[in-house]
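Visitor: Compact mmCIF, C-alpha atoms, saved as input.txt, coming up:
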# COMPACT_ATOMS: atom_id res chain seq x y z
CA MET A 1 170.77 253.10 230.74
CA ARG A 2 174.14 251.99 232.09
CA THR A 3 177.58 252.51 230.56
CA GLN A 4 181.17 252.77 231.69
CA VAL A 5 181.92 256.25 230.30
CA ALA A 6 179.29 258.90 229.54
CA ILE A 7 180.57 261.42 227.00
CA ILE A 8 178.84 264.79 226.77
CA GLY A 9 179.33 266.29 223.32
CA GLY A 10 179.26 264.64 219.90
CA GLY A 11 181.95 266.74 218.25
CA PRO A 12 185.30 265.33 217.14
CA SER A 13 186.82 265.05 220.62
CA GLY A 14 183.86 263.20 222.13
CA LEU A 15 183.58 260.90 219.11
CA LEU A 16 187.32 260.21 219.08
CA LEU A 17 187.27 259.24 222.75
CA SER A 18 184.26 256.99 222.18
CA GLN A 19 185.90 255.26 219.24
CA LEU A 20 189.20 254.75 221.07
CA LEU A 21 187.37 253.33 224.07
CA HIS A 22 185.43 250.99 221.78
CA LYS A 23 188.67 249.67 220.26
CA ALA A 24 189.89 248.94 223.81
CA GLY A 25 186.67 247.13 224.74
CA ILE A 26 185.34 249.92 226.99
CA ASP A 27 181.68 250.90 226.67
CA SER A 28 180.54 254.51 226.24
CA VAL A 29 177.46 256.59 225.42
CA VAL A 30 177.69 259.95 223.63
CA LEU A 31 175.10 262.66 224.32
CA GLU A 32 174.87 265.40 221.67
CA ARG A 33 172.61 268.46 221.99
CA LYS A 34 172.17 268.85 218.21
CA THR A 35 171.71 266.54 215.21
CA ARG A 36 174.47 264.85 213.23
CA ASP A 37 173.79 267.15 210.26
CA TYR A 38 174.10 270.23 212.47
CA VAL A 39 177.45 269.09 213.87
CA LEU A 40 178.75 268.32 210.39
CA GLY A 41 177.62 271.75 209.21
CA ARG A 42 180.15 273.51 211.42
CA ILE A 43 183.04 274.96 209.40
CA ARG A 44 186.30 274.54 211.27
CA ALA A 45 190.02 274.46 210.58
CA GLY A 46 191.83 271.37 209.48
CA VAL A 47 195.57 271.40 210.28
CA LEU A 48 196.28 268.14 212.10
CA GLU A 49 199.34 267.58 214.25
CA GLN A 50 201.17 264.28 214.14
CA GLY A 51 199.69 263.32 217.50
CA LEU A 52 196.12 263.63 216.22
CA VAL A 53 197.01 261.74 213.04
CA GLY A 54 198.36 258.95 215.25
CA LEU A 55 195.18 258.88 217.31
CA MET A 56 193.07 258.62 214.14
CA ARG A 57 195.14 255.62 213.12
CA GLU A 58 194.81 254.06 216.57
CA ALA A 59 191.06 254.58 216.41
CA GLY A 60 190.90 252.85 213.01
CA VAL A 61 189.53 255.88 211.17
CA ALA A 62 192.54 257.10 209.20
CA ASP A 63 191.97 255.59 205.75
CA ARG A 64 190.18 258.55 204.12
CA MET A 65 192.42 261.08 205.88
CA GLU A 66 195.52 259.35 204.50
CA ALA A 67 194.00 259.11 201.01
CA GLU A 68 192.64 262.65 200.77
CA GLY A 69 194.66 264.72 203.27
CA PHE A 70 197.46 267.02 202.17
CA ILE A 71 200.92 266.66 203.68
CA HIS A 72 202.48 270.04 204.48
CA ASP A 73 206.20 270.10 205.12
CA GLY A 74 206.29 273.81 205.91
CA THR A 75 204.47 277.13 206.00
CA LEU A 76 205.10 280.67 204.79
CA ILE A 77 205.40 283.79 206.94
CA ALA A 78 204.93 287.08 205.07
CA ALA A 79 205.78 290.65 206.05
CA ASN A 80 206.88 293.78 204.18
CA ASN A 81 205.75 292.27 200.86
CA GLU A 82 208.16 289.35 201.27
CA ALA A 83 207.73 285.79 202.50
CA PHE A 84 210.05 283.26 204.12
CA ARG A 85 209.45 279.58 204.72
CA ILE A 86 209.49 277.58 207.95
CA ASP A 87 210.62 274.10 206.91
CA PHE A 88 208.93 271.56 209.20
CA ALA A 89 210.63 268.56 207.61
CA LYS A 90 214.09 270.08 207.96
CA HIS A 91 213.66 271.15 211.57
CA THR A 92 211.54 268.31 212.96
CA GLY A 93 211.67 265.43 210.49
CA THR A 94 207.90 265.44 210.25
CA HIS A 95 204.93 267.45 208.93
CA VAL A 96 201.30 268.41 209.45
CA THR A 97 198.27 267.05 207.58
CA VAL A 98 195.64 269.38 206.12
CA TYR A 99 192.29 267.59 206.43
CA GLY A 100 189.11 269.40 207.38
CA GLN A 101 187.70 269.04 210.89
CA THR A 102 184.31 268.35 209.31
CA GLU A 103 185.82 265.35 207.55
CA VAL A 104 187.46 264.14 210.77
CA THR A 105 184.05 264.31 212.45
CA ARG A 106 182.33 262.58 209.53
CA ASP A 107 184.82 259.70 209.63
CA LEU A 108 184.29 259.29 213.36
CA TYR A 109 180.49 259.32 213.05
CA ASP A 110 180.67 256.69 210.31
CA ALA A 111 182.93 254.52 212.46
CA ARG A 112 180.74 254.77 215.55
CA GLU A 113 177.59 254.00 213.58
CA ALA A 114 179.23 251.07 211.80
CA THR A 115 179.99 249.43 215.15
CA GLY A 116 176.64 250.25 216.75
CA GLY A 117 178.04 252.94 219.01
CA SER A 118 175.44 254.62 221.20
CA ILE A 119 174.95 258.30 220.27
CA LEU A 120 171.95 260.16 221.69
CA PHE A 121 171.15 263.17 219.48
CA ASN A 122 168.93 266.12 220.48
CA ALA A 123 169.82 265.52 224.12
CA GLU A 124 168.62 268.69 225.85
CA ASP A 125 168.71 269.84 229.48
CA VAL A 126 171.74 267.66 230.17
CA THR A 127 172.59 267.71 233.87
CA ILE A 128 175.54 266.05 235.59
CA HIS A 129 174.98 264.49 239.02
CA ASP A 130 177.09 263.12 241.87
CA VAL A 131 180.50 263.30 240.20
CA ASP A 132 182.05 263.67 243.65
CA THR A 133 180.80 260.17 244.49
CA ASP A 134 181.48 256.69 243.10
CA HIS A 135 178.11 256.67 241.31
CA PRO A 136 177.84 259.61 238.89
CA TYR A 137 175.02 259.88 236.38
CA VAL A 138 173.69 262.16 233.68
CA THR A 139 170.07 263.13 233.07
CA TYR A 140 168.75 264.57 229.82
CA ARG A 141 165.58 265.13 227.82
CA THR A 142 164.99 264.15 224.19
CA ASP A 143 161.81 264.11 222.14
CA GLY A 144 159.86 265.09 225.24
CA GLN A 145 161.09 262.11 227.23
CA ASP A 146 163.40 262.15 230.25
CA GLY A 147 166.44 259.89 230.22
CA ARG A 148 169.24 258.89 232.55
CA VAL A 149 172.69 257.41 231.98
CA ASP A 150 174.45 255.81 234.95
CA CYS A 151 178.20 255.47 234.53
CA ASP A 152 181.63 255.17 236.14
CA PHE A 153 183.06 258.36 234.64
CA ILE A 154 181.90 261.40 232.67
CA ALA A 155 183.92 263.10 229.91
CA GLY A 156 182.89 266.71 229.31
CA CYS A 157 183.53 267.32 225.60
CA ASP A 158 180.70 269.84 225.21
CA GLY A 159 182.60 273.02 224.40
CA PHE A 160 183.00 276.41 226.01
CA HIS A 161 179.28 276.97 226.53
CA GLY A 162 178.48 273.43 227.69
CA VAL A 163 177.32 272.22 231.06
CA SER A 164 180.44 270.28 232.03
CA ARG A 165 182.75 273.10 233.13
CA GLN A 166 179.94 274.87 234.98
CA THR A 167 179.36 271.71 237.01
CA ILE A 168 182.68 272.23 238.78
CA PRO A 169 182.01 274.54 241.76
CA ASP A 170 183.34 278.10 241.65
CA THR A 171 185.25 277.36 244.84
CA VAL A 172 187.23 274.67 242.97
CA ARG A 173 187.48 276.13 239.48
CA LYS A 174 189.92 278.90 238.50
CA GLU A 175 189.76 280.49 235.05
CA TYR A 176 192.36 282.42 233.07
CA GLU A 177 191.37 284.47 230.05
CA LYS A 178 192.67 286.96 227.51
CA VAL A 179 190.22 288.45 224.99
CA TYR A 180 191.78 289.91 221.85
CA PRO A 181 190.45 293.24 220.50
CA PHE A 182 189.73 291.97 216.97
CA GLY A 183 188.23 289.08 215.07
CA TRP A 184 188.84 287.01 211.95
CA LEU A 185 186.59 287.47 208.94
CA GLY A 186 186.75 284.19 207.06
CA ILE A 187 185.35 283.00 203.75
CA LEU A 188 185.19 279.62 202.10
CA SER A 189 185.33 279.60 198.30
CA GLU A 190 185.36 276.97 195.58
CA THR A 191 188.67 278.19 194.22
CA PRO A 192 192.16 276.65 194.08
CA PRO A 193 194.47 277.66 196.96
CA VAL A 194 196.83 280.53 196.21
CA ASP A 195 199.80 278.43 197.37
CA ASP A 196 200.62 274.81 198.13
CA GLU A 197 201.24 275.80 201.77
CA LEU A 198 199.57 278.15 204.23
CA ILE A 199 200.56 281.82 204.15
CA TYR A 200 200.50 283.77 207.44
CA ALA A 201 200.77 287.49 206.65
CA ASN A 202 201.67 290.44 208.87
CA SER A 203 200.53 293.66 207.21
CA PRO A 204 200.15 297.30 208.27
CA ARG A 205 196.46 296.79 207.41
CA GLY A 206 196.18 293.77 209.71
CA PHE A 207 196.70 290.02 209.68
CA ALA A 208 195.72 287.70 206.81
CA LEU A 209 195.80 283.94 206.35
CA CYS A 210 195.62 281.92 203.14
CA SER A 211 194.58 278.35 203.85
CA MET A 212 192.76 275.52 202.10
CA ARG A 213 190.51 272.49 202.53
CA ASN A 214 191.48 270.69 199.32
CA ALA A 215 192.71 271.37 195.79
CA SER A 216 189.52 273.21 194.82
CA LEU A 217 188.28 274.58 198.16
CA SER A 218 190.07 277.49 199.84
CA ARG A 219 189.74 279.20 203.22
CA TYR A 220 190.91 282.79 203.64
CA TYR A 221 190.89 285.16 206.61
CA VAL A 222 191.52 288.83 207.34
CA GLN A 223 191.74 290.51 210.72
CA CYS A 224 188.77 292.83 211.30
CA PRO A 225 187.18 294.90 214.10
CA LEU A 226 184.85 293.01 216.41
CA THR A 227 182.14 295.53 215.54
CA ASP A 228 182.08 294.35 211.91
CA THR A 229 179.46 291.93 210.62
CA PRO A 230 179.78 289.52 207.67
CA GLU A 231 176.98 291.40 205.91
CA GLN A 232 179.14 294.52 205.82
CA TRP A 233 181.71 292.72 203.70
CA SER A 234 180.89 292.00 200.07
CA ASP A 235 182.93 289.28 198.38
CA ASP A 236 184.67 291.88 196.24
CA ALA A 237 185.60 293.96 199.29
CA PHE A 238 187.05 290.89 201.00
CA TRP A 239 189.17 289.86 198.01
CA GLU A 240 190.52 293.36 197.55
CA GLU A 241 191.46 293.62 201.23
CA LEU A 242 193.12 290.21 201.20
CA LYS A 243 195.21 291.19 198.17
CA ARG A 244 196.43 294.30 200.01
CA ARG A 245 197.69 292.22 202.93
CA ILE A 246 199.58 289.41 201.21
CA PRO A 247 202.75 289.67 199.09
CA GLU A 248 202.19 290.97 195.56
CA GLU A 249 203.43 287.71 194.08
CA ALA A 250 200.63 285.83 195.86
CA ALA A 251 198.04 288.54 195.18
CA ASP A 252 198.74 288.41 191.45
CA LYS A 253 197.95 284.70 191.22
CA LEU A 254 195.01 284.67 193.65
CA VAL A 255 191.91 283.11 192.09
CA THR A 256 188.74 284.73 193.45
CA GLY A 257 185.12 283.63 193.34
CA PRO A 258 181.81 283.72 195.21
CA SER A 259 181.98 282.83 198.90
CA ILE A 260 180.00 279.78 199.99
CA GLU A 261 180.40 280.60 203.69
CA LYS A 262 181.33 283.82 205.45
CA SER A 263 181.67 284.45 209.17
CA ILE A 264 183.52 286.44 211.83
CA ALA A 265 185.16 284.65 214.74
CA PRO A 266 186.30 286.44 217.92
CA LEU A 267 189.69 285.47 219.37
CA ARG A 268 190.42 284.53 222.95
CA SER A 269 192.86 282.58 225.07
CA PHE A 270 191.18 280.70 227.93
CA VAL A 271 192.12 277.96 230.40
CA THR A 272 190.26 276.54 233.36
CA GLU A 273 191.93 274.60 236.16
CA PRO A 274 191.60 271.85 237.22
CA MET A 275 190.40 269.73 234.31
CA ARG A 276 189.11 267.03 236.64
CA TRP A 277 186.65 267.11 239.51
CA GLY A 278 185.75 263.78 241.04
CA ARG A 279 184.70 261.52 238.19
CA LEU A 280 184.20 264.37 235.70
CA PHE A 281 186.96 265.12 233.18
CA LEU A 282 187.00 268.19 230.93
CA CYS A 283 188.33 267.90 227.38
CA GLY A 284 188.87 270.37 224.56
CA ASP A 285 186.95 273.64 224.43
CA ALA A 286 185.19 272.77 227.68
CA ALA A 287 188.53 273.42 229.39
CA HIS A 288 190.50 275.70 227.12
CA ILE A 289 190.32 277.95 224.04
CA VAL A 290 193.17 279.15 221.85
CA PRO A 291 193.16 281.82 219.14
CA PRO A 292 193.22 280.01 215.79
CA THR A 293 196.54 281.55 214.72
CA GLY A 294 198.60 278.50 215.70
CA ALA A 295 196.08 275.88 214.46
CA LYS A 296 195.86 274.35 217.94
CA GLY A 297 192.13 274.16 218.72
CA LEU A 298 191.32 270.63 217.56
CA ASN A 299 194.85 269.49 218.31
CA THR A 300 194.74 270.52 221.98
CA ALA A 301 191.45 268.65 222.30
CA ALA A 302 193.16 265.61 220.81
CA SER A 303 195.96 265.72 223.39
CA ASP A 304 193.33 265.78 226.17
CA ILE A 305 191.67 262.74 224.62
CA HIS A 306 195.03 260.96 224.50
CA TYR A 307 195.69 261.50 228.21
CA LEU A 308 192.14 260.62 229.25
CA PHE A 309 191.95 257.53 227.06
CA GLU A 310 195.27 256.22 228.35
CA GLY A 311 194.11 256.83 231.92
CA LEU A 312 190.77 255.09 231.42
CA LYS A 313 192.41 252.19 229.61
CA ASP A 314 194.84 251.72 232.51
CA TYR A 315 191.92 251.87 234.95
CA TYR A 316 189.79 249.24 233.21
CA LEU A 317 192.46 246.96 231.76
CA ASP A 318 195.28 247.22 234.30
CA LYS A 319 193.32 248.21 237.42
CA SER A 320 195.50 251.32 237.87
CA SER A 321 194.09 254.77 238.69
CA ALA A 322 197.40 256.60 238.20
CA GLY A 323 196.49 257.83 234.72
CA ILE A 324 193.14 259.35 235.66
CA ASP A 325 194.53 260.67 238.95
CA HIS A 326 197.17 262.68 237.05
CA TYR A 327 195.04 263.52 234.01
CA SER A 328 194.54 267.20 234.83
CA GLU A 329 198.16 268.05 235.55
CA ARG A 330 199.46 266.12 232.53
CA ALA A 331 196.92 267.69 230.17
CA LEU A 332 197.45 271.22 231.51
CA LEU A 333 201.23 270.99 231.19
CA ARG A 334 200.86 270.56 227.44
CA ILE A 335 197.87 272.92 227.13
CA TRP A 336 199.75 275.89 228.60
CA LYS A 337 202.57 275.33 226.11
CA ALA A 338 200.05 275.34 223.25
CA GLU A 339 198.45 278.47 224.72
CA ARG A 340 201.85 280.15 224.78
CA PHE A 341 202.52 279.28 221.15
CA SER A 342 199.11 280.47 219.96
CA TRP A 343 199.47 283.73 221.95
CA TRP A 344 202.96 284.23 220.50
CA MET A 345 201.83 283.76 216.90
CA THR A 346 198.84 286.05 217.45
CA THR A 347 201.04 288.75 218.96
CA LEU A 348 203.60 288.37 216.18
CA LEU A 349 201.22 288.71 213.25
CA HIS A 350 198.33 291.01 214.22
CA ARG A 351 197.89 294.74 214.55
CA PHE A 352 196.61 295.77 217.98
CA PRO A 353 194.63 299.00 218.49
CA ASP A 354 196.92 300.24 221.26
CA GLN A 355 200.26 299.32 219.63
CA THR A 356 202.92 301.99 220.03
CA GLU A 357 205.75 302.65 217.60
CA PHE A 358 208.01 300.77 220.01
CA ASP A 359 205.64 297.78 219.94
CA LEU A 360 205.71 297.75 216.15
CA LYS A 361 209.52 297.86 216.13
CA MET A 362 209.60 294.90 218.50
CA GLN A 363 207.20 293.00 216.24
CA GLN A 364 209.38 293.73 213.22
CA ALA A 365 212.49 292.64 215.12
CA GLU A 366 210.80 289.39 216.15
CA LEU A 367 209.84 288.67 212.55
CA ALA A 368 213.39 289.42 211.38
CA PHE A 369 214.82 287.14 214.07
CA LEU A 370 212.46 284.35 213.00
CA ARG A 371 213.44 284.86 209.35
CA ASP A 372 217.19 284.81 210.05
CA SER A 373 217.57 282.29 212.88
CA ASP A 374 217.53 278.53 212.37
CA THR A 375 217.06 278.14 216.12
CA ALA A 376 213.94 280.32 216.11
CA GLN A 377 212.56 278.49 213.09
CA LYS A 378 213.18 275.12 214.73
CA ALA A 379 211.28 276.25 217.85
CA MET A 380 208.34 277.39 215.74
CA ALA A 381 208.37 274.21 213.67
CA GLU A 382 208.43 271.99 216.77
CA ASN A 383 205.43 273.77 218.21
CA TYR A 384 203.50 273.91 214.94
CA VAL A 385 203.77 270.20 214.12
CA GLY A 386 202.88 269.46 217.74
CA LEU A 387 204.79 268.88 220.94
CA PRO A 388 204.98 265.22 222.02
CA TYR A 389 202.30 263.81 224.31
Represent the structure contained in this file as structure tokens.
Guide:
Amino acid sequence: MRTQVAIIGGGPSGLLLSQLLHKAGIDSVVLERKTRDYVLGRIRAGVLEQGLVGLMREAGVADRMEAEGFIHDGTLIAANNEAFRIDFAKHTGTHVTVYGQTEVTRDLYDAREATGGSILFNAEDVTIHDVDTDHPYVTYRTDGQDGRVDCDFIAGCDGFHGVSRQTIPDTVRKEYEKVYPFGWLGILSETPPVDDELIYANSPRGFALCSMRNASLSRYYVQCPLTDTPEQWSDDAFWEELKRRIPEEAADKLVTGPSIEKSIAPLRSFVTEPMRWGRLFLCGDAAHIVPPTGAKGLNTAASDIHYLFEGLKDYYLDKSSAGIDHYSERALLRIWKAERFSWWMTTLLHRFPDQTEFDLKMQQAELAFLRDSDTAQKAMAENYVGLPY
């Protein structure tokens, strides 16, 4: 099989790149290790920056998002049983869109299938070859048969545990990592959200987040030890703990119910450099991870896709290699800013095991400064809605 761009990973970033390339008349093949149903079964966040919304429109897959997504003009920060609002519209003139990552992925799958896009599911033993030459290719195995895709370029959109990053030699690749000493216990429930906007809560008992998927589907989180398991937490225990961590006004109107999904996610900050080696380009979780506190995971992947798509489009349509030659440095410049913001929000809102009384005072002072300073609120709003590409 021959294509122009081989894309490893059939999650939202790989599908978005494939759809954008299709709209520009550039051929691609997507290799996905699992099935479509498995990919769509992953529960992920759904706060979309303006940049990602724009890419969905450019890819021609924005209709359902614009019909069903929720526009959020701000968010609430809670501490000491009180909450204050960060007004995105006031400080940036724009907003974020709440629309589940699963729905983003579903829309992209539907679009690729409607146009006959090539997606190879159950592609196991994927191996990348000769990316340091002009003739890279990918081998794989599916249904007991060996396959090969010859291509001009390879986009590694296969996540933190995928093959793409590991293909770059240790002598070339440098990794930066911070592992946080806690996790997020999250539940999904068929209940109305406690508020029209997200609530980020700093509590002496630990962090909490009140989020939503739609008007009747809510997502809630509490900070927990990494040694905990979901089975240790009954639904009742979760709801009671959440109520202790959010302002009383919100706790009093919280609607509880059975969880339909419950899981614990570890938190880490991670970046690998460079994001390009030869004709291999890393995108999304294959190159970087952020703690979910700043809602940047899917959005940082989207910015990578923007830079790579623009570079590939220039290469094929304008015969210019400048975009792909500078892909890594352009992507990393924005990624490190998103990493900083996610680290800052995590540090601001969580309780750390080794925090001293001085550390807690500094955290309280930072929260008070954010509450009282228009300049600080503008900086947070600019980062939350998404820095420009």
Visitor: Of the residues A:Ala331, A:Ile119, A:Val53, A:Cys224, which is the one nearest to Gly14 in chain A, using only C-alpha atoms?
Guide: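 Closest candidate: A:Ile119.
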Visitor: Please list as a PyMOL selection string every residue within 9 Å of range 245-248 of chain A, counting only C-alpha atoms and excluding residues in the same chain fewer than 6 positions away.
Guide: chain A and resi 78-83+199-210+222
Visitor: Would you compute the distance between CA of His91 in chain A and CA of Ser303 in chain A? Give it in Å to one decimal.
Guide: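 It comes out at 22.0 Å.
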Visitor: Counting all atoms listed in the file, what is within 12 Å of Ala302 in chain A, bar same-chain residues fewer than 6 positions away, as an MDAnalysis selection string?
Guide: chainID A and resid 11:17 20 48:56 101 104 157 283:285 296 308:309 331 334:335 386 388:389
Visitor: Between CA of Tyr316 in chain A and CA of Gly162 in chain A, what is the distance in Å, rounded to a tenth?
Guide: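 Computing it gives 27.3 Å between the two atoms.
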Visitor: Please measure the separation of CA of Glu197 in chain A and CA of Ile71 in chain A, giving the value in Å to one decimal.
Guide: 9.3 Å
Visitor: Which residues, written as number ranges by chain, have at least one atom at most 10 Å from range 60-67 of chain A, with all atoms listed in the file counted and residues fewer than 5 positions away on the same chain left out?
Guide: A: 16, 19-20, 23, 53-55, 97-100, 103-104, 106-112
Visitor: Is it possible to get the residues within 12 Å of (193.0, 287.9, 197.8) (coordinates as in the file, counting all atoms listed in the file) written as an NGL selection string?
Guide: :A and (186-187 or 189 or 191-195 or 199 or 201 or 208-211 or 218-222 or 235-257)
Visitor: Would you save the residues of that selection, restricted to C-alpha atoms, as an mmCIF file, in the frame of the given file?
Guide:
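See out-v1.cif below for the written result:
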data_model
loop_
_atom_site.group_PDB
_atom_site.id
_atom_site.type_symbol
_atom_site.label_atom_id
_atom_site.label_comp_id
_atom_site.auth_asym_id
_atom_site.auth_seq_id
_atom_site.Cartn_x
_atom_site.Cartn_y
_atom_site.Cartn_z
ATOM 1 C CA GLY A 186 186.750 284.190 207.060
ATOM 2 C CA ILE A 187 185.350 283.000 203.750
ATOM 3 C CA SER A 189 185.330 279.600 198.300
ATOM 4 C CA THR A 191 188.670 278.190 194.220
ATOM 5 C CA PRO A 192 192.160 276.650 194.080
ATOM 6 C CA PRO A 193 194.470 277.660 196.960
ATOM 7 C CA VAL A 194 196.830 280.530 196.210
ATOM 8 C CA ASP A 195 199.800 278.430 197.370
ATOM 9 C CA ILE A 199 200.560 281.820 204.150
ATOM 10 C CA ALA A 201 200.770 287.490 206.650
ATOM 11 C CA ALA A 208 195.720 287.700 206.810
ATOM 12 C CA LEU A 209 195.800 283.940 206.350
ATOM 13 C CA CYS A 210 195.620 281.920 203.140
ATOM 14 C CA SER A 211 194.580 278.350 203.850
ATOM 15 C CA SER A 218 190.070 277.490 199.840
ATOM 16 C CA ARG A 219 189.740 279.200 203.220
ATOM 17 C CA TYR A 220 190.910 282.790 203.640
ATOM 18 C CA TYR A 221 190.890 285.160 206.610
ATOM 19 C CA VAL A 222 191.520 288.830 207.340
ATOM 20 C CA ASP A 235 182.930 289.280 198.380
ATOM 21 C CA ASP A 236 184.670 291.880 196.240
ATOM 22 C CA ALA A 237 185.600 293.960 199.290
ATOM 23 C CA PHE A 238 187.050 290.890 201.000
ATOM 24 C CA TRP A 239 189.170 289.860 198.010
ATOM 25 C CA GLU A 240 190.520 293.360 197.550
ATOM 26 C CA GLU A 241 191.460 293.620 201.230
ATOM 27 C CA LEU A 242 193.120 290.210 201.200
ATOM 28 C CA LYS A 243 195.210 291.190 198.170
ATOM 29 C CA ARG A 244 196.430 294.300 200.010
ATOM 30 C CA ARG A 245 197.690 292.220 202.930
ATOM 31 C CA ILE A 246 199.580 289.410 201.210
ATOM 32 C CA PRO A 247 202.750 289.670 199.090
ATOM 33 C CA GLU A 248 202.190 290.970 195.560
ATOM 34 C CA GLU A 249 203.430 287.710 194.080
ATOM 35 C CA ALA A 250 200.630 285.830 195.860
ATOM 36 C CA ALA A 251 198.040 288.540 195.180
ATOM 37 C CA ASP A 252 198.740 288.410 191.450
ATOM 38 C CA LYS A 253 197.950 284.700 191.220
ATOM 39 C CA LEU A 254 195.010 284.670 193.650
ATOM 40 C CA VAL A 255 191.910 283.110 192.090
ATOM 41 C CA THR A 256 188.740 284.730 193.450
ATOM 42 C CA GLY A 257 185.120 283.630 193.340
#
Visitor: Of the residues A:Arg351, A:Arg173, A:Lys34, A:Arg268, which is the one nearest to Leu282 in chain A, using all atoms listed in the file?
Guide: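 Of A:Arg351, A:Arg173, A:Lys34, A:Arg268, the one nearest Leu282 in chain A is A:Arg173, counting all atoms listed in the file.
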Visitor: For each of A:Arg330, A:His306, A:Lys178, A:Arg340, take the minimum atom-to-atom distance to Pro266 in chain A, counting all atoms listed in the file, then give the residue where this is smallest.
Guide: A:Lys178
Visitor: Which residue is closest to Gly144 in chain A? Choose from A:Ala338, A:Thr300, A:Asn122, A:Gln4 and count only C-alpha atoms.
Guide: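 Closest to Gly144 in chain A, using only C-alpha atoms: A:Asn122.
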Visitor: Which is closer to Pro169 in chain A than all the others in A:Phe121, A:Ile154, A:Leu188, A:Glu273, using only C-alpha atoms?
Guide: A:Glu273
Visitor: Mind checking which residues fall within 12 Å of Asp374 in chain A, counting all atoms listed in the file, ignoring those fewer than 3 positions away in the same chain, and posting them as a list in words?
Guide: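 So, after excluding close chain neighbours, the residues are Arg85, Ile86, Asp87, Phe88, Lys90, His91, Thr92, Ala368, Phe369, Leu370, Arg371, Gln377, Lys378, Ala379, Met380 and Ala381 of chain A.
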